[in-house]
Amino acid sequence: MSDCRTAPAGTLTDDLWDAVLHGDEAAAVAVVLAALDAGAEPEDVLLDLIVPVQSRVGEEWAANRISVAQEHAATAINDRAVAALALRAPAAAPDAGRITVACVDGEWHALPARLLAEVLRLRGWRVDYLGAQVPTPHLIGHLHRTGPDLVALSSSLATRLPTAHATITACQATGVPVLAGGAAFGADGRYARLLGADAWAPDARAAADLLAGGPLPRTARPHQPYDDLPHLDDQEYTLVARTHAALVKAVLGGLEDRFPAMRDYSAFQRERTAEDVAHVVEYLGVSLYTDDADLFAGFLAWTTGILTARGVPGHSLRPVLEILSEELKDFPRSTRHLRLALDALPAGPRSTAAKGRPHV
């Protein structure tokens, strides 16, 4: 076997899935090392074995077939499998250049960045992998100390896009170009382009292929964080972000008025409801930052699927958006984003939105 992609169906991926599902780190590592011993290329093991299994982990959690704890354990085991492969697989001579791989501050999904770091190491890059949640000042300090050819910046959460924007700008101010990647930047890289990244890649293999011809040209243009986002002049994003806590409180109060049953919620139920409402407000804010109502609507569609898988009707989000619309009635862009999102939500009796539910 020379390529994981030619392995018989229902063997390697099933074996690795069974191992991570049952929390068996030793078995997971054994599957990965056995693939290497059988002649599979290390890059293919990373991207055609570990990545599909990790994708399934996310899908199973979203479908409510595994718990949050199982999802975290499975991800940690996959990360350990990547580490085991890195110890076994020799890296190419580091002659391609030097790259810093880091996650945006506040981004704790580190596995995509880790996979990229290992693929680039195999391709002959000298890699400084900084891991999850790297504060921008620390990242910039590292760039000054090490002088890499470029930064690969990873983010899976769209709510980190404003921070990613500031980080991209700060890196470019040092003369270091930025390659952006991760789900936060959009399936087509639209937010990477919007925020001024020098390049974007949809996955680790595409990123490595893009860089195969050498590092990206160093940026020379002066750039201010909001030069490319004139819509921010209306201050809607800033005002929503600054009043986040007050908006969440207003929504929770409004829900109690509309659905008296919520007054009998346990502390746990109230905490979960507050968390859900906070996520809605946060995603509204980032949709204002990017001026992309589809981002907000997409988040709500995803959330509807999550809630439905847990026995919560999709229309239960409607009162949350209605209360936010009332609170933000003087904000034209916010009103438009909320209206479009409401139009896309399933219709249903509003009175069921809070009955007997642990969260919205």
# chains A, B, ... in the order shown; residues from 1 in each chain; ligands from 1
>>> residues_around(residues="segment 106-111 of chain A", least_positions_apart="4", cutoff="10 Å", atoms="only C-alpha atoms", output="PyMOL selection string")
chain A and resi 51+54+75-76+78-79+82+102+115-117+130-135+154-160+163-164+182+184
>>> select_by_dssp(residues="segment 110-144 of chain A", states="strand (DSSP E)", output="compact mmCIF listing (two decimals) with C-alpha atoms, in the first residue's frame")
# COMPACT_ATOMS: atom_id res chain seq x y z
CA TRP A 125 9.58 23.89 5.44
CA ARG A 126 11.09 24.93 8.74
CA VAL A 127 7.90 25.29 10.77
CA ASP A 128 7.30 27.26 13.95
CA TYR A 129 4.00 25.87 15.19
CA LEU A 130 2.58 28.14 17.90
CA GLY A 131 -0.69 26.31 18.51
CA ALA A 132 -4.11 27.56 19.60
CA GLN A 133 -5.18 31.01 20.81
CA VAL A 134 -2.04 33.00 20.03
>>> residues_around(residues="Thr13 of chain A", least_positions_apart="4", cutoff="8 Å", atoms="only C-alpha atoms", output="PyMOL selection string")
chain A and resi 9+17+49-50+52-53
>>> write_last_selection(atoms="N, CA, C and O atoms", output="compact mmCIF listing (two decimals), in the first residue's frame")
# COMPACT_ATOMS: atom_id res chain seq x y z
N ALA A 9 -11.85 -0.01 1.29
CA ALA A 9 -12.86 0.70 2.07
C ALA A 9 -13.19 -0.09 3.32
O ALA A 9 -13.21 -1.31 3.33
N TRP A 17 -11.63 5.21 13.34
CA TRP A 17 -12.87 5.72 13.91
C TRP A 17 -13.25 4.94 15.17
O TRP A 17 -13.60 5.52 16.20
N LEU A 49 -6.58 9.93 6.02
CA LEU A 49 -7.01 9.02 7.08
C LEU A 49 -7.46 9.80 8.31
O LEU A 49 -8.62 9.71 8.73
N ILE A 50 -6.58 10.61 8.88
CA ILE A 50 -6.92 11.33 10.10
C ILE A 50 -7.97 12.40 9.84
O ILE A 50 -8.93 12.55 10.62
N PRO A 52 -10.44 12.69 7.47
CA PRO A 52 -11.83 12.21 7.36
C PRO A 52 -12.41 11.71 8.67
O PRO A 52 -13.60 11.92 8.93
N VAL A 53 -11.59 11.08 9.50
CA VAL A 53 -12.10 10.62 10.78
C VAL A 53 -12.45 11.80 11.67
O VAL A 53 -13.49 11.82 12.34
>>> residues_around(residues="Phe299 of chain A", least_positions_apart="6", cutoff="10 Å", atoms="only C-alpha atoms", output="NGL selection string")
:A and (158 or 279-280 or 283-284 or 287 or 305 or 341)
>>> residues_around(residues="Tyr289 of chain A", least_positions_apart="6", cutoff="12 Å", atoms="only C-alpha atoms", output="JSON, numbers by chain")
{"A": [158, 159, 160, 161, 162, 163, 164, 165, 191, 194, 195, 225, 226, 228, 229, 230, 231, 232, 233, 234, 235, 236, 237, 238, 239, 240, 241, 282, 283, 295, 296, 333, 334, 337]}
>>> closest_residue(among="A:Glu60, A:Asp276, A:Asp44, A:Asp24", to="Ala309 of chain A", atoms="only C-alpha atoms")
A:Glu60
>>> residues_around(residues="Ala197 of chain A", least_positions_apart="4", cutoff="6 Å", atoms="only C-alpha atoms", output="JSON list (two decimals) with N, CA and C atoms, in the first residue's frame")
[["chain", "number", "residue", "atom", "x", "y", "z"],
["A", 178, "VAL", "N", 0.65, 36.94, 4.79],
["A", 178, "VAL", "CA", -0.23, 36.06, 5.56],
["A", 178, "VAL", "C", -1.01, 35.16, 4.62],
["A", 192, "ALA", "N", -11.14, 35.86, 3.81],
["A", 192, "ALA", "CA", -9.69, 36.08, 3.73],
["A", 192, "ALA", "C", -9.39, 37.23, 2.78],
["A", 193, "ARG", "N", -10.07, 37.26, 1.66],
["A", 193, "ARG", "CA", -9.87, 38.36, 0.70],
["A", 193, "ARG", "C", -10.39, 39.66, 1.28]]
>>> closest_residue(among="A:Ala180, A:Val312, A:Leu340, A:Val68", to="Ser325 of chain A", atoms="only C-alpha atoms")
A:Leu340
>>> atom_distance(atom1="atom CA of Glu322 of chain A", atom2="atom CA of Ala187 of chain A")
29.1 Å
>>> closest_residue(among="A:Ala93, A:Leu247, A:Ala204, A:Ala86", to="Ala278 of chain A", atoms="only C-alpha atoms")
A:Leu247
>>> select_by_dssp(residues="segment 152-288 of chain A", states="helix (DSSP H, G or I)", output="number ranges by chain")
A: 158-173, 183-185, 190-194, 204-213, 230-234, 236-242, 244-258, 260-264, 267-288
>>> atom_distance(atom1="atom CA of Pro215 of chain A", atom2="atom CA of Leu36 of chain A")
29.2 Å
>>> residues_around(residues="Leu143 of chain A", least_positions_apart="3", cutoff="10 Å", atoms="only C-alpha atoms", output="list in words")
Ile99, Thr100, Pro137, His138, Leu139, Ile140, Thr146, Gly147, Pro148, Asp149, Leu150, Val151, Cys171, Thr174, Gly175 and Val176 of chain A
>>> write_last_selection(atoms="C-alpha atoms", output="PDB file, in the first residue's frame")
ATOM      1  CA  ILE A  99       6.887  29.614   8.183  1.00  0.00           C
ATOM      2  CA  THR A 100       4.998  30.400  11.366  1.00  0.00           C
ATOM      3  CA  PRO A 137       1.289  40.851  20.364  1.00  0.00           C
ATOM      4  CA  HIS A 138       3.022  37.541  21.104  1.00  0.00           C
ATOM      5  CA  LEU A 139       2.747  36.492  17.469  1.00  0.00           C
ATOM      6  CA  ILE A 140       4.262  39.772  16.302  1.00  0.00           C
ATOM      7  CA  THR A 146      12.553  34.737  13.915  1.00  0.00           C
ATOM      8  CA  GLY A 147      11.949  36.575  10.606  1.00  0.00           C
ATOM      9  CA  PRO A 148       9.831  33.917   8.845  1.00  0.00           C
ATOM     10  CA  ASP A 149       8.978  34.064   5.176  1.00  0.00           C
ATOM     11  CA  LEU A 150       5.258  34.046   5.935  1.00  0.00           C
ATOM     12  CA  VAL A 151       2.559  33.362   8.513  1.00  0.00           C
ATOM     13  CA  CYS A 171       1.702  40.761  10.513  1.00  0.00           C
ATOM     14  CA  THR A 174       6.179  43.737   9.854  1.00  0.00           C
ATOM     15  CA  GLY A 175       6.570  42.890   6.167  1.00  0.00           C
ATOM     16  CA  VAL A 176       5.465  39.278   6.613  1.00  0.00           C
TER      17      VAL A 176
END
>>> atom_distance(atom1="atom CA of Pro177 of chain A", atom2="atom CA of Pro112 of chain A")
19.7 Å
